[in-house]
Structure formats: C-alpha cells, structure tokens
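A short worksheet on the structure shown next.
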Amino acid sequence: RAFLGSCPRQTILAWVLPGLGYLALGQKRRGVLVMTGILGLFVTGLAVGGIDCIDSDEDWPWFFPQSMNGPIAYAVDAVNQRVVKTGGVGELLPAPPITDPATGRPTPTNVSTLKGIGAANEFGTLLIALGGMVNLIAILDTSRREPA
C-alpha cells in the first residue's frame with residue numbers, strides 16, 4: 001500500500017496499457033507512438049507464435065518481461081492455461097508427410113514435419129518479451145516526467 005501511495009498515477013496507467021501513462025501526462029504524440037509500437041510487438045508476437053507463446057508455466061523465465069505488457073499478457077496467459085492447455089481446443093493436426101517428388105510417395109524420415117511451429121512459438125515469445133522490456137522503460141520514464 002505504501003508503494004501505491006508513492007507511485008504516480010501515470011506509472012500505474014503506463015503498466016495497465018502501454019502508452020497510457022504518456023497520455024495521462026498530456027503527451028499525446030509520444031503516448032500514441034509508444035502504444036502503437038509496444039502493442040504492435042505484442043500482436044505480431046501473438047500472430048507469429050500463437051497464443052501458446054505466453055505461458056507462465058513452461059516459459060516462466062520469459063514471463064517476467066512479458067508481464068510488463070500489462071494485464072493483456074495476464075489475460076492471454078489465462079486463456080492459454082484454461083483453454084489451450086486443458087485440451088479444450090483440440091489436438092494440433094499433424095502436417096501431411098513429406099513426399100518424394102519423383103514417385104509421389106511419402107519418404108521415410110525422422111525429421112518432424114511440424115518443426116517450424118516450435119521456432120515460431122519461441123520467436124513470438126521473444127517479440128512479446130521485447131515489447132515488455134520497452135514498456136518497462138516507458139513505465140520508468142513516465143514515473144520521472146511532469147505533466148505537460
């Protein structure tokens with residue numbers, strides 16, 4: 001309670017929604033730019049990696065920087081934990097096997113046909129974590145600024 005009493009209002013707003021702290025200070029241009037950039041990283045990370053790229057259980061070291069995006073990161077994590085991880089969405093459909101172009105028959109292989117999905121998930125995790133780190137910098141910056 002003592003921390004919230006000493007914390008400026010714009011600092012809390014900057015965590016609630018990226019860029020909102022600058023808007024509360026009256027810096028509309030900076031607030032819109034920060035909001036667009038950070039939310040752009042967040043949405044791009046979700047588009048690339050899917051909803052599973054925010055996971056507080058499996059990717060807990062990455063979740064701290066991701067949580068700096070605010071309540072939207074916690075909401076996506078809650079959907080991931082309560083819907084995706086419980087099997088409510090269904091199993092991921094496997095891709096068709098790799099075929100030999102000459103014969104048209106499946107080729108025996110030990111390489112997973114879904115190997116790109118894991119890399120996309122990790123790249124999405126990284127984009128959202130980078131957005132969270134940028135928002136942390138914006139939060140610290142709004143705490144030191146005076147209203148315009």
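By convention in this document, the chains of the structure tokens carry letters A, B, ... by their order, each chain's residues are numbered from 1, and ligands are numbered from 1 in the order they are shown.
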*Using only C-alpha atoms, determine which residues lie at most 10 Å from range 65-79 of chain A, disregarding the query and same-chain residues fewer than 5 positions distant; provide the list as a PyMOL selection string.*
chain A and resi 12-18+38-39+42+46+51-57+60+84-85+125-137+139
*Assign secondary structure with DSSP using the backbone only, and return the residues of range 9-138 of chain A in helix (DSSP H, G or I) as a ChimeraX atom specification.*
/A:9-16,20-24,28-49,51-53,60-67,71-84,115-138
*asked:* Would you compute the distance between CA of Arg144 in chain A and CA of Arg29 in chain A? Give it in Å to one decimal.
replied: 17.9 Å
*State, in Å with one decimal place, the distance from CA of Gly124 in chain A to CA of Leu41 in chain A.*
9.0 Å
*asked:* One decimal, in Å: what's the spacing between CA of Glu58 in chain A and CA of Gly45 in chain A?
replied: 16.8 Å
